file data.txt (compact mmCIF, C-alpha atoms)
# COMPACT_ATOMS: atom_id res chain seq x y z
CA MET T 254 94.28 148.34 84.49
CA ALA T 255 91.08 146.53 85.45
CA PHE T 256 91.11 143.37 87.53
CA ALA T 257 90.63 140.25 85.44
CA PRO T 258 89.64 137.11 87.33
CA PRO T 259 92.02 134.18 86.88
CA ALA T 260 91.06 131.71 84.23
CA ARG T 261 89.26 128.61 85.40
CA HIS T 262 92.05 126.30 84.21
CA LEU T 263 94.59 128.14 86.39
CA LEU T 264 92.27 127.88 89.37
CA ARG T 265 92.01 124.12 88.80
CA ALA T 266 95.78 123.85 89.08
CA LYS T 267 95.85 126.09 92.16
CA ASP T 268 93.09 124.03 93.79
CA LEU T 269 95.07 120.87 93.04
CA ALA T 270 98.12 122.35 94.79
CA ASP T 271 95.97 123.37 97.77
CA ALA T 272 94.25 120.01 98.10
CA ARG T 273 97.16 117.67 97.41
CA TYR T 274 100.18 119.66 98.64
CA PHE T 275 101.40 116.58 100.55
CA GLU T 276 101.79 114.52 97.37
CA PRO T 277 104.88 114.69 95.17
CA LEU T 278 103.33 117.20 92.75
CA SER T 279 105.43 118.76 90.03
CA VAL T 280 104.86 121.74 87.78
CA ARG T 281 104.12 119.20 85.04
CA ASP T 282 101.25 117.76 87.14
CA LEU T 283 99.82 121.23 87.76
CA ALA T 284 100.15 122.14 84.08
CA ARG T 285 98.37 118.91 83.14
CA ALA T 286 95.50 119.81 85.49
CA ALA T 287 95.24 123.18 83.77
CA GLY T 288 95.47 121.62 80.33
CA LEU T 289 98.49 123.73 79.30
CA SER T 290 102.09 123.11 78.36
CA ARG T 291 104.52 123.42 81.25
CA ALA T 292 106.16 126.61 79.97
CA HIS T 293 102.89 128.35 79.09
CA PHE T 294 101.34 127.30 82.38
CA SER T 295 104.30 128.62 84.39
CA ARG T 296 104.16 131.98 82.59
CA GLU T 297 100.40 132.34 83.00
CA PHE T 298 100.44 131.21 86.63
CA ARG T 299 103.18 133.72 87.51
CA ARG T 300 101.42 136.51 85.63
CA THR T 301 98.08 135.77 87.30
CA PHE T 302 99.10 134.92 90.88
CA GLY T 303 102.41 136.78 91.20
CA GLU T 304 104.58 133.74 91.94
CA SER T 305 105.74 130.62 90.19
CA PRO T 306 103.76 127.39 90.59
CA HIS T 307 106.71 125.82 92.42
CA ALA T 308 106.89 128.76 94.87
CA TYR T 309 103.12 128.58 95.44
CA LEU T 310 103.27 124.87 96.22
CA LEU T 311 106.24 125.34 98.53
CA THR T 312 104.38 128.13 100.34
CA ARG T 313 101.34 125.88 100.89
CA ARG T 314 103.60 123.14 102.26
CA LEU T 315 105.43 125.51 104.60
CA GLU T 316 102.15 127.00 105.86
CA ARG T 317 100.87 123.53 106.67
CA ALA T 318 104.19 122.62 108.31
CA ALA T 319 103.96 125.75 110.48
CA ALA T 320 100.45 124.75 111.57
CA LEU T 321 101.64 121.24 112.42
CA LEU T 322 104.59 122.64 114.39
CA ARG T 323 102.21 124.83 116.39
CA ASN T 324 99.52 122.23 116.99
CA THR T 325 101.21 118.84 117.26
CA ASP T 326 104.12 117.23 119.01
CA SER T 327 105.24 115.38 115.87
CA ARG T 328 108.94 115.33 115.09
CA VAL T 329 110.23 117.92 112.61
CA ALA T 330 111.30 115.17 110.21
CA ASP T 331 107.83 113.59 110.31
CA ILE T 332 106.24 116.97 109.58
CA CYS T 333 108.65 117.53 106.71
CA PHE T 334 107.59 114.29 105.02
CA ALA T 335 103.91 114.73 105.93
CA VAL T 336 103.71 117.98 103.96
CA GLY T 337 105.31 116.44 100.89
CA LEU T 338 108.88 117.66 101.15
CA GLN T 339 111.69 115.25 100.41
CA GLY T 340 114.53 116.26 102.74
CA VAL T 341 114.81 117.68 106.23
CA GLY T 342 117.77 119.88 105.29
CA SER T 343 115.98 121.63 102.44
CA PHE T 344 112.83 121.86 104.58
CA THR T 345 114.77 123.55 107.39
CA SER T 346 116.46 126.03 105.07
CA SER T 347 113.20 126.87 103.24
CA PHE T 348 111.32 127.22 106.52
CA THR T 349 114.04 129.44 108.00
CA ARG T 350 114.11 131.62 104.87
CA THR T 351 110.32 132.03 104.98
CA TYR T 352 109.66 132.38 108.72
CA GLY T 353 113.00 133.78 109.89
CA VAL T 354 113.59 131.00 112.44
CA SER T 355 114.25 127.28 112.27
CA PRO T 356 111.32 124.87 112.65
CA THR T 357 112.51 123.92 116.14
CA ALA T 358 112.75 127.56 117.25
CA TYR T 359 109.35 128.26 115.69
CA ARG T 360 107.80 125.43 117.70
CA LYS T 361 109.39 126.68 120.94
CA ALA T 362 107.65 130.05 120.50
CA PHE T 363 104.27 128.35 121.04
CA PRO T 364 102.88 126.40 124.00
CA PRO T 365 103.15 122.61 123.81
CA ALA T 366 100.40 120.95 121.80
CA ALA T 367 99.20 119.04 124.86
CA ASP T 368 98.30 122.37 126.51
CA HIS T 369 95.62 123.06 123.93
CA ALA T 370 94.60 119.57 122.90
CA LEU T 371 90.93 119.52 122.02
CA ILE T 372 88.60 117.01 123.59
CA PRO T 373 86.17 115.54 121.07
CA ALA T 374 82.61 116.78 121.53
CA CYS T 375 81.26 113.23 121.90
CA VAL T 376 83.54 112.68 124.91
CA VAL T 377 82.47 115.99 126.47
CA ARG T 378 78.79 115.09 126.00
CA ALA T 379 79.29 111.60 127.47
CA TYR T 380 80.98 112.91 130.62
CA ALA T 381 78.78 116.00 130.97
CA ARG T 382 75.50 114.06 131.07
CA PRO T 383 73.62 114.05 134.32
CA GLN T 384 74.22 110.92 136.39
CA HIS T 385 70.53 110.47 137.20
CA ARG T 386 68.34 110.42 134.15
CA THR T 387 64.95 112.03 134.41
CA PHE T 388 63.16 110.40 131.51
CA ARG T 389 60.91 107.52 132.58
CA GLU T 390 63.52 105.86 134.82
CA ASP T 391 62.56 108.12 137.73
CA THR T 392 58.84 107.51 137.29
CA ALA T 393 59.37 103.74 137.20
CA ARG T 394 61.29 103.88 140.49
CA ALA T 395 58.68 106.10 142.10
CA ARG T 396 55.92 103.56 141.33
CA ASN T 397 57.83 100.68 142.97
call {"tool": "encode", "arguments": {"input": "data.txt", "output": "structure tokens"}}
result
Amino acid sequence: MAFAPPARHLLRAKDLADARYFEPLSVRDLARAAGLSRAHFSREFRRTFGESPHAYLLTRRLERAAALLRNTDSRVADICFAVGLQGVGSFTSSFTRTYGVSPTAYRKAFPPAADHALIPACVVRAYARPQHRTFREDTARARN
């Protein structure tokens, strides 16, 4: 069987889930973005992408939660709500089912976020500049 690219309307719904995973999206919202009925959309999405729209959205949210657990010191509950999930208990059980460990244990497997905090480039440039400028200030002092 030859590969058939997903229809544009299904990609619109998938892009919506990717871009707005943190909002309370439902399958109805995704179906509306694709311009299909909920049942037809769910069937077509599953046939095309290999998982239900709800499972896809949950996967996006859990992936983002895993990134936040690795890279921030935010509380697990705050991360849960930041990625659009409604309850810490269901978040913990879904995360554990997907990653094999609880969110807290997952975070402990990585160094603290403060160990790899990035310094903004503008701050690096400001502190890395030479203390004595060499453009016209030096020539003005040499003349005096």
call {"tool": "residues_near_point", "arguments": {"input": "data.txt", "point": "(102.3, 127.2, 115.7)", "cutoff": "8 Å", "atoms": "only C-alpha atoms", "output": "VMD selection string"}}
result
chain T and resid 319 to 324 359 to 360 362 to 363
call {"tool": "residues_around", "arguments": {"input": "data.txt", "residues": "range 330-346 of chain T", "least_positions_apart": "3", "cutoff": "8 Å", "atoms": "all atoms listed in the file", "output": "ChimeraX atom specification"}}
result
/T:274-277,314-315,317-318,321-322,327,349-350,355-356
call {"tool": "residues_around", "arguments": {"input": "data.txt", "residues": "Ala308 in chain T", "least_positions_apart": "6", "cutoff": "12 Å", "atoms": "only C-alpha atoms", "output": "VMD selection string"}}
result
chain T and resid 267 270 274 279 to 280 295 298 to 299 302 314 to 315 347 351
call {"tool": "atom_distance", "arguments": {"input": "data.txt", "atom1": "CA of Gly303 in chain T", "atom2": "CA of Ala266 in chain T"}}
result
14.7 Å
call {"tool": "atom_distance", "arguments": {"input": "data.txt", "atom1": "CA of Leu283 in chain T", "atom2": "CA of Arg296 in chain T"}}
result
12.7 Å
